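Structure file my_file_12.txt (compact mmCIF, C-alpha atoms and all ligand atoms) follows.
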# COMPACT_ATOMS: atom_id res chain seq x y z
CA MET C 1 -0.35 9.52 -7.19
CA ALA C 2 -1.43 13.03 -8.17
CA ALA C 3 1.25 15.49 -9.28
CA ASP C 4 0.90 17.50 -6.07
CA GLY C 5 1.48 14.37 -4.01
CA GLU C 6 4.54 13.49 -6.08
CA VAL C 7 6.08 16.92 -5.54
CA ALA C 8 5.49 16.63 -1.80
CA HIS C 9 7.01 13.13 -1.72
CA ILE C 10 10.12 14.40 -3.53
CA LEU C 11 10.51 17.09 -0.86
CA ALA C 12 10.04 14.59 1.96
CA GLU C 13 12.49 12.10 0.45
CA ASP C 14 15.14 14.78 -0.04
CA TYR C 15 14.73 15.92 3.56
CA PHE C 16 14.98 12.45 5.10
CA LYS C 17 17.81 11.30 2.81
CA PHE C 18 19.88 14.46 2.41
CA GLY C 19 18.58 16.88 5.04
CA ILE C 20 17.41 19.42 2.44
CA ASP C 21 15.04 21.88 4.08
CA PRO C 22 11.78 21.95 2.05
CA ALA C 23 11.41 25.71 2.64
CA SER C 24 14.73 26.32 0.87
CA ARG C 25 13.19 24.97 -2.34
CA LEU C 26 10.04 27.07 -2.43
CA GLY C 27 9.33 28.20 -6.00
CA GLN C 28 11.76 25.74 -7.63
CA ALA C 29 10.44 23.90 -10.68
CA THR C 30 10.19 20.09 -10.72
CA LYS C 31 9.07 17.85 -13.54
CA ARG C 32 5.74 17.55 -11.71
CA GLY C 33 5.28 21.33 -11.35
CA PRO C 34 6.63 24.12 -9.15
CA ILE C 35 7.13 23.69 -5.42
CA THR C 36 4.47 25.75 -3.68
CA GLU C 37 3.83 26.86 -0.11
CA ASP C 38 1.20 24.12 0.09
CA HIS C 39 3.82 21.44 -0.63
CA VAL C 40 6.32 22.95 1.78
CA ARG C 41 3.78 23.32 4.59
CA GLY C 42 2.51 19.76 4.18
CA VAL C 43 5.98 18.23 4.22
CA GLN C 44 7.04 20.39 7.16
CA ALA C 45 4.07 19.00 9.09
CA PHE C 46 5.21 15.47 8.14
CA ILE C 47 8.77 16.16 9.27
CA ARG C 48 7.58 17.54 12.61
CA ALA C 49 5.24 14.57 13.13
CA VAL C 50 8.12 12.15 12.55
CA ASN C 51 10.68 14.09 14.57
CA ASP C 52 8.29 14.27 17.54
CA ARG C 53 8.28 10.46 17.64
CA TRP C 54 11.85 9.62 16.58
CA ASP C 55 14.62 8.95 19.12
CA GLY C 56 17.01 11.22 17.20
CA LEU C 57 19.58 8.47 16.57
CA SER C 58 18.07 5.46 14.82
CA PRO C 59 18.72 5.40 11.07
CA ARG C 60 15.73 6.41 8.99
CA MET C 61 15.08 4.97 5.55
CA ALA C 62 13.03 6.98 3.07
CA GLU C 63 11.31 5.66 -0.04
CA THR C 64 12.33 2.03 0.45
CA ARG C 65 11.01 -0.63 -1.89
CA VAL C 66 9.34 -3.58 -0.22
CA ASP C 67 8.17 -6.90 -1.65
CA ILE C 68 4.67 -7.85 -0.59
CA PRO C 69 4.87 -11.59 0.22
CA GLY C 70 2.75 -13.75 -2.06
CA LEU C 71 1.97 -10.89 -4.43
CA GLN C 72 3.98 -10.12 -7.52
CA SER C 73 4.04 -6.53 -6.47
CA LYS C 74 6.16 -4.09 -4.56
CA GLY C 75 5.35 -1.13 -2.42
CA ARG C 76 7.27 2.01 -1.48
CA ILE C 77 7.43 2.91 2.17
CA ASP C 78 7.68 6.68 2.58
CA LEU C 79 9.70 6.31 5.77
CA LYS C 80 10.62 3.57 8.22
CA TYR C 81 12.91 3.19 11.17
CA GLN C 82 13.33 0.86 14.09
CA GLN C 83 14.07 2.17 17.56
CA ALA C 84 13.71 0.93 21.15
CA ASP C 85 9.93 1.34 21.15
CA GLY C 86 9.40 -0.66 17.95
CA LEU C 87 9.20 -0.41 14.17
CA TRP C 88 7.74 2.80 12.73
CA ILE C 89 6.25 2.86 9.22
CA TRP C 90 5.02 6.19 7.87
CA ASP C 91 2.86 7.05 4.91
CA TYR C 92 2.45 10.68 3.88
CA LYS C 93 -0.82 11.57 2.18
CA HIS C 94 -1.00 14.94 0.48
CA GLY C 95 -4.61 14.49 -0.66
CA ARG C 96 -7.79 15.42 1.13
CA THR C 97 -9.60 12.06 1.13
CA TRP C 98 -9.52 11.07 4.80
CA VAL C 99 -7.53 7.90 5.47
CA ASP C 100 -7.35 6.09 8.80
CA ALA C 101 -4.35 4.19 10.12
CA VAL C 102 -6.40 1.57 11.93
CA GLU C 103 -6.78 -1.58 9.82
CA ASN C 104 -5.02 0.20 6.98
CA TRP C 105 -4.16 -2.74 4.74
CA GLN C 106 -1.69 -0.77 2.66
CA LEU C 107 0.39 -0.13 5.78
CA LEU C 108 -0.11 -3.72 6.92
CA CYS C 109 1.24 -4.92 3.57
CA TYR C 110 4.27 -2.71 4.07
CA ALA C 111 4.83 -4.03 7.60
CA VAL C 112 4.45 -7.65 6.53
CA GLY C 113 6.90 -7.05 3.68
CA ALA C 114 9.37 -5.13 5.85
CA LEU C 115 9.38 -7.88 8.50
CA GLU C 116 9.37 -10.87 6.16
CA HIS C 117 12.95 -11.85 7.01
CA TYR C 118 13.09 -10.38 10.52
CA SER C 119 11.67 -11.23 13.93
CA VAL C 120 8.62 -9.25 14.97
CA PRO C 121 9.62 -6.30 17.19
CA GLY C 122 7.94 -5.39 20.48
CA ALA C 123 5.55 -3.00 18.72
CA ILE C 124 4.68 -1.98 15.18
CA HIS C 125 3.52 1.60 14.69
CA LEU C 126 1.67 2.22 11.44
CA CYS C 127 1.32 5.92 10.82
CA ILE C 128 -0.50 8.21 8.43
CA CYS C 129 0.36 11.89 8.23
CA GLN C 130 -2.29 13.77 6.29
CA PRO C 131 -2.05 17.52 6.84
CA ASN C 132 -4.54 18.51 4.14
CA SER C 133 -7.47 16.45 5.38
CA PHE C 134 -9.22 18.01 8.34
CA ASP C 135 -9.43 15.82 11.40
CA PRO C 136 -10.26 17.33 14.79
CA ASP C 137 -7.61 15.03 16.30
CA GLY C 138 -4.88 16.44 14.06
CA PRO C 139 -3.07 15.26 10.94
CA VAL C 140 -1.27 12.26 12.47
CA LYS C 141 -2.93 8.88 12.93
CA VAL C 142 -0.94 6.07 14.55
CA TRP C 143 -2.07 2.46 14.88
CA THR C 144 0.16 0.51 17.24
CA LEU C 145 0.06 -3.27 17.12
CA THR C 146 1.48 -5.69 19.64
CA PRO C 147 3.43 -8.64 18.19
CA GLY C 148 0.39 -10.90 18.82
CA GLU C 149 -1.97 -8.55 16.99
CA PHE C 150 0.50 -8.21 14.13
CA VAL C 151 0.73 -12.00 13.73
CA ILE C 152 -3.09 -12.24 13.57
CA TYR C 153 -3.37 -9.47 10.96
CA ARG C 154 -0.47 -10.96 8.97
CA GLY C 155 -2.35 -14.27 8.93
CA ARG C 156 -5.50 -12.57 7.64
CA LEU C 157 -3.53 -10.73 4.98
CA LEU C 158 -1.67 -13.81 3.75
CA ALA C 159 -4.91 -15.81 3.71
CA ALA C 160 -6.59 -13.09 1.64
CA ILE C 161 -3.62 -13.02 -0.76
CA ALA C 162 -3.77 -16.81 -1.08
CA ALA C 163 -7.54 -16.60 -1.78
CA THR C 164 -6.87 -14.34 -4.77
CA LYS C 165 -5.09 -17.29 -6.46
CA ASP C 166 -8.34 -19.27 -6.48
CA PRO C 167 -9.67 -19.68 -10.06
CA GLU C 168 -12.98 -18.24 -8.82
CA PRO C 169 -11.78 -15.73 -6.24
CA ARG C 170 -14.40 -14.35 -3.88
CA THR C 171 -14.60 -10.58 -4.07
CA THR C 172 -16.19 -8.33 -1.51
CA PRO C 173 -16.98 -4.80 -2.67
CA GLY C 174 -16.41 -1.96 -0.25
CA PRO C 175 -14.71 1.43 0.01
CA HIS C 176 -11.38 -0.29 -0.85
CA CYS C 177 -12.67 -0.75 -4.45
CA LEU C 178 -11.81 2.90 -5.09
CA TRP C 179 -8.13 1.95 -5.20
CA CYS C 180 -8.52 -1.33 -7.10
CA SER C 181 -7.18 -1.33 -10.65
CA GLY C 182 -9.72 -4.02 -11.61
CA ARG C 183 -12.77 -2.04 -10.57
CA GLY C 184 -13.91 -1.31 -14.13
CA ALA C 185 -14.23 -5.02 -14.91
CA CYS C 186 -15.22 -6.43 -11.51
CA ARG C 187 -18.50 -8.35 -11.59
CA ALA C 188 -19.00 -8.20 -7.85
CA LEU C 189 -18.68 -4.43 -7.85
CA GLY C 190 -21.00 -4.16 -10.86
CA ALA C 191 -23.56 -6.34 -9.10
CA ALA C 192 -23.29 -4.29 -5.92
CA VAL C 193 -23.87 -1.06 -7.85
CA ALA C 194 -26.86 -2.66 -9.63
CA ALA C 195 -28.24 -3.64 -6.21
CA VAL C 196 -27.84 -0.04 -5.06
CA PHE C 197 -29.68 1.15 -8.16
CA ASP C 198 -32.55 -1.29 -7.55
CA TYR C 199 -32.71 -0.23 -3.95
CA LEU C 200 -32.81 3.49 -4.74
CA THR C 201 -35.30 3.23 -7.58
CA GLY C 202 -37.55 0.70 -5.87
CA ALA C 203 -37.54 1.94 -2.30
CA GLU C 204 -40.86 3.24 -1.08
CA TYR C 205 -39.71 3.10 2.39
CA VAL C 206 -39.92 5.60 5.23
CA PRO C 207 -37.55 4.81 8.07
CA ALA C 208 -39.50 4.39 11.27
CA SER C 209 -36.80 4.85 13.86
CA GLY C 210 -33.44 6.48 14.51
CA ALA C 211 -31.83 3.07 14.10
CA ALA C 212 -33.37 2.68 10.64
CA VAL C 213 -32.30 6.21 9.65
CA GLY C 214 -28.76 5.53 10.84
CA LEU C 215 -28.61 2.25 8.97
CA GLU C 216 -29.85 3.82 5.76
CA LEU C 217 -27.36 6.69 6.04
CA SER C 218 -24.55 4.13 6.46
CA ILE C 219 -25.80 2.15 3.47
CA LEU C 220 -26.00 5.28 1.34
CA ASP C 221 -22.48 6.35 2.31
CA GLN C 222 -21.16 2.93 1.35
CA ALA C 223 -23.24 2.97 -1.82
CA ALA C 224 -21.71 6.34 -2.73
CA ASP C 225 -18.23 4.81 -2.31
CA LEU C 226 -19.17 1.85 -4.51
CA ILE C 227 -20.65 4.05 -7.22
CA LYS C 228 -17.60 6.31 -7.17
CA ALA C 229 -15.30 3.29 -7.52
CA ARG C 230 -17.36 1.76 -10.32
CA ARG C 231 -17.65 5.05 -12.18
CA SER C 232 -13.93 5.77 -12.11
CA GLY C 233 -13.23 2.19 -13.25
CA LEU C 234 -15.68 2.48 -16.13
CA GLU C 235 -14.24 5.86 -17.08
CA ALA C 236 -10.76 4.31 -17.34
CA ASP C 237 -12.23 1.47 -19.43
CA ALA C 238 -14.06 3.92 -21.70
CA LEU C 239 -10.88 5.96 -22.25
CA ALA C 240 -8.93 2.81 -23.13
CA ARG C 241 -11.63 1.70 -25.61
CA SER C 242 -11.83 5.17 -27.11
CA ARG C 243 -8.04 5.23 -27.65
CA LYS C 244 -8.51 2.07 -29.72
CA GLY C 245 -11.18 3.82 -31.80
CA GLU C 246 -14.30 2.31 -30.22
CA PRO C 247 -17.04 4.92 -29.80
CA ILE C 248 -18.55 5.34 -26.33
CA VAL C 249 -22.18 6.11 -27.03
CA GLY C 250 -23.29 9.37 -25.48
CA TRP C 251 -19.82 10.37 -24.36
CA GLU C 252 -16.81 12.06 -25.88
CA VAL C 253 -13.21 12.26 -24.76
CA VAL C 254 -12.06 15.76 -23.79
CA PRO C 255 -8.78 16.81 -22.18
CA LYS C 256 -8.84 17.34 -18.44
CA MET C 257 -7.07 20.55 -17.56
CA SER C 258 -5.41 21.44 -14.30
CA ASN C 259 -5.76 24.88 -12.76
CA LEU C 260 -3.55 27.42 -14.49
CA ASN C 261 -0.18 27.14 -12.76
CA TRP C 262 3.07 29.03 -13.09
CA THR C 263 5.62 27.10 -15.11
CA VAL C 264 8.57 29.24 -14.02
CA PRO C 265 9.87 29.79 -10.47
CA LEU C 266 7.37 31.89 -8.52
CA SER C 267 9.87 34.70 -8.00
CA GLN C 268 10.34 34.96 -11.76
CA ALA C 269 6.57 35.14 -12.31
CA ALA C 270 6.33 37.88 -9.67
CA ASP C 271 9.17 39.86 -11.31
CA LEU C 272 7.42 39.62 -14.67
CA ALA C 273 4.17 40.87 -13.16
CA ASP C 274 6.14 43.77 -11.63
CA LEU C 275 7.00 44.84 -15.20
CA ALA C 276 3.25 45.20 -15.78
CA GLY C 277 3.00 47.26 -12.59
CA VAL C 278 1.12 44.56 -10.64
CA ASN C 279 2.32 43.11 -7.35
CA ILE C 280 1.12 39.50 -7.21
CA ARG C 281 2.98 38.50 -4.06
CA LYS C 282 0.55 37.32 -1.41
CA GLU C 283 0.86 38.73 2.06
CA ALA C 284 -1.89 36.64 3.61
CA LEU C 285 -1.69 35.19 7.11
CA LEU C 286 -1.81 31.43 7.40
CA THR C 287 -5.12 30.07 8.65
CA PRO C 288 -5.15 28.80 12.27
CA LEU C 289 -4.90 25.18 11.06
CA GLN C 290 -2.05 26.04 8.70
CA ALA C 291 -0.33 27.90 11.55
CA MET C 292 -0.53 24.76 13.73
CA ALA C 293 0.71 22.67 10.82
CA ALA C 294 3.58 25.15 10.44
CA GLY C 295 4.58 24.61 14.07
CA VAL C 296 2.80 27.29 16.15
CA PRO C 297 1.81 25.47 19.38
CA ALA C 298 -1.88 24.55 19.47
CA GLU C 299 -2.39 26.38 22.82
CA ILE C 300 -1.29 29.66 21.26
CA VAL C 301 -3.44 29.23 18.16
CA GLU C 302 -6.48 28.10 20.18
CA ALA C 303 -6.20 31.14 22.45
CA VAL C 304 -6.70 33.49 19.50
CA SER C 305 -8.94 31.49 17.16
CA GLY C 306 -12.32 29.82 17.30
CA ARG C 307 -15.14 28.35 15.31
CA GLU C 308 -18.66 29.54 14.71
CA SER C 309 -21.51 27.08 14.51
CA TYR C 310 -23.63 27.46 11.40
CA GLY C 311 -25.97 24.51 11.83
CA PHE C 312 -25.69 20.82 12.51
CA GLY C 313 -24.37 17.89 10.52
CA LEU C 314 -23.80 14.21 11.06
CA LYS C 315 -20.49 12.57 11.86
CA LYS C 316 -20.01 8.85 11.50
CA SER C 317 -19.63 7.13 14.85
CA LYS C 318 -17.68 3.93 15.35
CA SER C 319 -20.42 1.45 14.52
CA PRO C 320 -20.21 -1.85 12.68
CA GLU C 321 -20.10 -1.45 8.90
CA VAL C 322 -22.59 -3.18 6.59
CA PHE C 323 -21.47 -3.83 3.03
CA PHE C 324 -23.28 -4.96 -0.04
CA ASN C 325 -21.94 -8.31 -1.06
CA GLY C 326 -23.09 -8.24 -4.63
S1 LIG F 1 -13.38 -3.86 -7.49
FE1 LIG F 1 -13.82 -6.06 -7.22
S2 LIG F 1 -11.79 -7.04 -7.15
FE2 LIG F 1 -11.46 -4.82 -6.82
S3 LIG F 1 -11.49 -4.57 -4.59
FE3 LIG F 1 -13.59 -4.22 -5.30
S4 LIG F 1 -14.61 -6.21 -5.13
FE4 LIG F 1 -12.39 -6.60 -5.00
Before anything else, please render the file you have as structure tokens.
Amino acid sequence: MAADGEVAHILAEDYFKFGIDPASRLGQATKRGPITEDHVRGVQAFIRAVNDRWDGLSPRMAETRVDIPGLQSKGRIDLKYQQADGLWIWDYKHGRTWVDAVENWQLLCYAVGALEHYSVPGAIHLCICQPNSFDPDGPVKVWTLTPGEFVIYRGRLLAAIAATKDPEPRTTPGPHCLWCSGRGACRALGAAVAAVFDYLTGAEYVPASGAAVGLELSILDQAADLIKARRSGLEADALARSRKGEPIVGWEVVPKMSNLNWTVPLSQAADLADLAGVNIRKEALLTPLQAMAAGVPAEIVEAVSGRESYGFGLKKSKSPEVFFNG
């Protein structure tokens, strides 16, 4: 998890466990960097999203460890609680890469682990709160499963886990590879990327219909995901080899630097700048989206804000996915 995400998770955990208001900690230093307005705003949006759906009484458990059945691994559930309308499992994402709740296997793993020794409740709500990734439907995505649907998905998950024990496990590359720690060494992913390369360098093909254009756009989007996953895996492999002294031909290892950040509380930095006669305190208004995330009702914001069209783009519709299978 990136440092920003870790800071935000610390704020969320402290709110749900100890009731500490994130805003009261603005500017404080943590071992992962200072707490900024961005962290506070994101976690406030998470708190509001949860409180809007919580019955106000049921105990909430933050940052609970969960064993994933059949895997020698554990997960950490950001927040869970059970109330009359079912089990709620929340995952807060501070990053900008859009993540859906529907068929989210990370959340399914958490649910399967959380319910391993319990009967399945009347509904399971798997929720993502992602305030920094723009979605016209808002930052909260909830996938609600009936007990029957949950049992079917649990079966698929356990079967997939069992299949990984096969001496020759079948691997299917896809966007999920981006989060796989084995992506640098995975043959199936390497083969899929090679197939993409062949396709791109060999294609003398002009799509003849809207259907063909749409299909090729989908393939290219998926290819981009595969290449990104493979590249980040190879980069990790190259860094590991380089640490052991093996040269990586054509490449050198250089430090990655973050943006320049204050390492003291923000108020202290501002006081120091005052000594130089410069006021560095921002007095900017929140953007309309930030205002909604901060709790201003959408009707009020929408009455005094708007968008301007500056051309047209494409948005993925809900169509069947096609993946390279290596
Ligand atoms: S990199 Fe290979 S093993 Fe990892 S998820 Fe992708 S296909 Fe599966």
Counting all atoms listed in the file, the residue among C:Leu266, C:Ala293, C:Val304, C:Ile128 that lies closest to Arg25 (chain C) is C:Leu266
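Where the distance criterion is 7 Å and the atoms used are only C-alpha atoms and all ligand atoms, the residues close to ligand LIG 1 (chain F) are Thr171, Thr172, Pro173, Gly174, His176, Cys177, Cys180, Ser181, Gly182, Arg183, Cys186, Arg187, Ala188 and Leu189 of chain C.
Of the listed residues (C:His39, C:Lys31, C:Arg48, C:Lys17), C:Lys17 comes nearest to Arg60 (chain C); the distances count all atoms listed in the file.
Distance annotation: of C:Leu115, C:Cys127, C:Val120, C:Ala269, the residue with the minimal separation from Trp88 (chain C) is C:Cys127; atom set is only C-alpha atoms.
Atom to atom, CA of Leu126 (chain C) and CA of Leu108 (chain C) stand 7.7 Å apart.
Shortest atom-to-atom contact with Met61 (chain C) among C:Glu302, C:Glu13, C:Glu116, C:Asp21: C:Glu13, counting all atoms listed in the file.
The smallest atom-to-atom distance between Pro147 (chain C) and any of C:Gly311, C:Gly86, C:Gly190, C:Thr201, using only C-alpha atoms, is found for C:Gly86.
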At a cut-off of 12 Å, using all atoms listed in the file, what residues contact Ala49 (chain C)? Leave out same-chain residues fewer than 2 positions from it and give the result as an mmCIF file with C-alpha atoms, in the coordinates of the input.
data_model
loop_
_atom_site.group_PDB
_atom_site.id
_atom_site.type_symbol
_atom_site.label_atom_id
_atom_site.label_comp_id
_atom_site.auth_asym_id
_atom_site.auth_seq_id
_atom_site.Cartn_x
_atom_site.Cartn_y
_atom_site.Cartn_z
ATOM 1 C CA GLY C 42 2.510 19.760 4.180
ATOM 2 C CA VAL C 43 5.980 18.230 4.220
ATOM 3 C CA GLN C 44 7.040 20.390 7.160
ATOM 4 C CA ALA C 45 4.070 19.000 9.090
ATOM 5 C CA PHE C 46 5.210 15.470 8.140
ATOM 6 C CA ILE C 47 8.770 16.160 9.270
ATOM 7 C CA ASN C 51 10.680 14.090 14.570
ATOM 8 C CA ASP C 52 8.290 14.270 17.540
ATOM 9 C CA ARG C 53 8.280 10.460 17.640
ATOM 10 C CA TRP C 54 11.850 9.620 16.580
ATOM 11 C CA LEU C 79 9.700 6.310 5.770
ATOM 12 C CA TRP C 90 5.020 6.190 7.870
ATOM 13 C CA ASP C 91 2.860 7.050 4.910
ATOM 14 C CA TYR C 92 2.450 10.680 3.880
ATOM 15 C CA CYS C 127 1.320 5.920 10.820
ATOM 16 C CA ILE C 128 -0.500 8.210 8.430
ATOM 17 C CA CYS C 129 0.360 11.890 8.230
ATOM 18 C CA GLN C 130 -2.290 13.770 6.290
ATOM 19 C CA PRO C 131 -2.050 17.520 6.840
ATOM 20 C CA GLY C 138 -4.880 16.440 14.060
ATOM 21 C CA PRO C 139 -3.070 15.260 10.940
ATOM 22 C CA VAL C 140 -1.270 12.260 12.470
ATOM 23 C CA LYS C 141 -2.930 8.880 12.930
ATOM 24 C CA VAL C 142 -0.940 6.070 14.550
ATOM 25 C CA MET C 292 -0.530 24.760 13.730
ATOM 26 C CA ALA C 293 0.710 22.670 10.820
ATOM 27 C CA ALA C 294 3.580 25.150 10.440
ATOM 28 C CA GLY C 295 4.580 24.610 14.070
#
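Taking only C-alpha atoms into account, Lys165 (chain C) lies nearest to C:Gln72 out of the set C:Ser309, C:Ser58, C:Asn261, C:Gln72.
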Write out as a tab-separated table (two decimals) with C-alpha atoms, in the coordinates of the input the residues lying within 9 Å of Ile280 (chain C), counting only C-alpha atoms and excluding same-chain residues fewer than 6 positions away.
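Resulting contents of part.tsv:
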chain	number	residue	atom	x	y	z
C	269	ALA	CA	6.57	35.14	-12.31
C	270	ALA	CA	6.33	37.88	-9.67
C	273	ALA	CA	4.17	40.87	-13.16
C	274	ASP	CA	6.14	43.77	-11.63
Mind listing as a ChimeraX atom specification all residues within 12 Å of (1.6, 23.3, -11.2), counting only C-alpha atoms? /C:2-7,27-39,257-266
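Reported to one decimal place, the separation of CA of Val301 (chain C) from CA of Leu286 (chain C) is 11.1 Å.
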Using CA of Ser73 (chain C) and CA of Ser119 (chain C) as the two end points, give the distance in Å to one decimal. 22.3 Å
Name all residues at most 12 Å from Leu200 (chain C) (count all atoms listed in the file; drop same-chain ones fewer than 3 positions away) and give them as a PDB file with C-alpha atoms, in the coordinates of the input.
ATOM      1  CA  VAL C 193     -23.870  -1.060  -7.850  1.00  0.00           C
ATOM      2  CA  ALA C 194     -26.860  -2.660  -9.630  1.00  0.00           C
ATOM      3  CA  ALA C 195     -28.240  -3.640  -6.210  1.00  0.00           C
ATOM      4  CA  VAL C 196     -27.840  -0.040  -5.060  1.00  0.00           C
ATOM      5  CA  PHE C 197     -29.680   1.150  -8.160  1.00  0.00           C
ATOM      6  CA  ALA C 203     -37.540   1.940  -2.300  1.00  0.00           C
ATOM      7  CA  GLU C 204     -40.860   3.240  -1.080  1.00  0.00           C
ATOM      8  CA  TYR C 205     -39.710   3.100   2.390  1.00  0.00           C
ATOM      9  CA  GLU C 216     -29.850   3.820   5.760  1.00  0.00           C
ATOM     10  CA  ILE C 219     -25.800   2.150   3.470  1.00  0.00           C
ATOM     11  CA  LEU C 220     -26.000   5.280   1.340  1.00  0.00           C
ATOM     12  CA  ALA C 223     -23.240   2.970  -1.820  1.00  0.00           C
ATOM     13  CA  ALA C 224     -21.710   6.340  -2.730  1.00  0.00           C
TER      14      ALA C 224
END
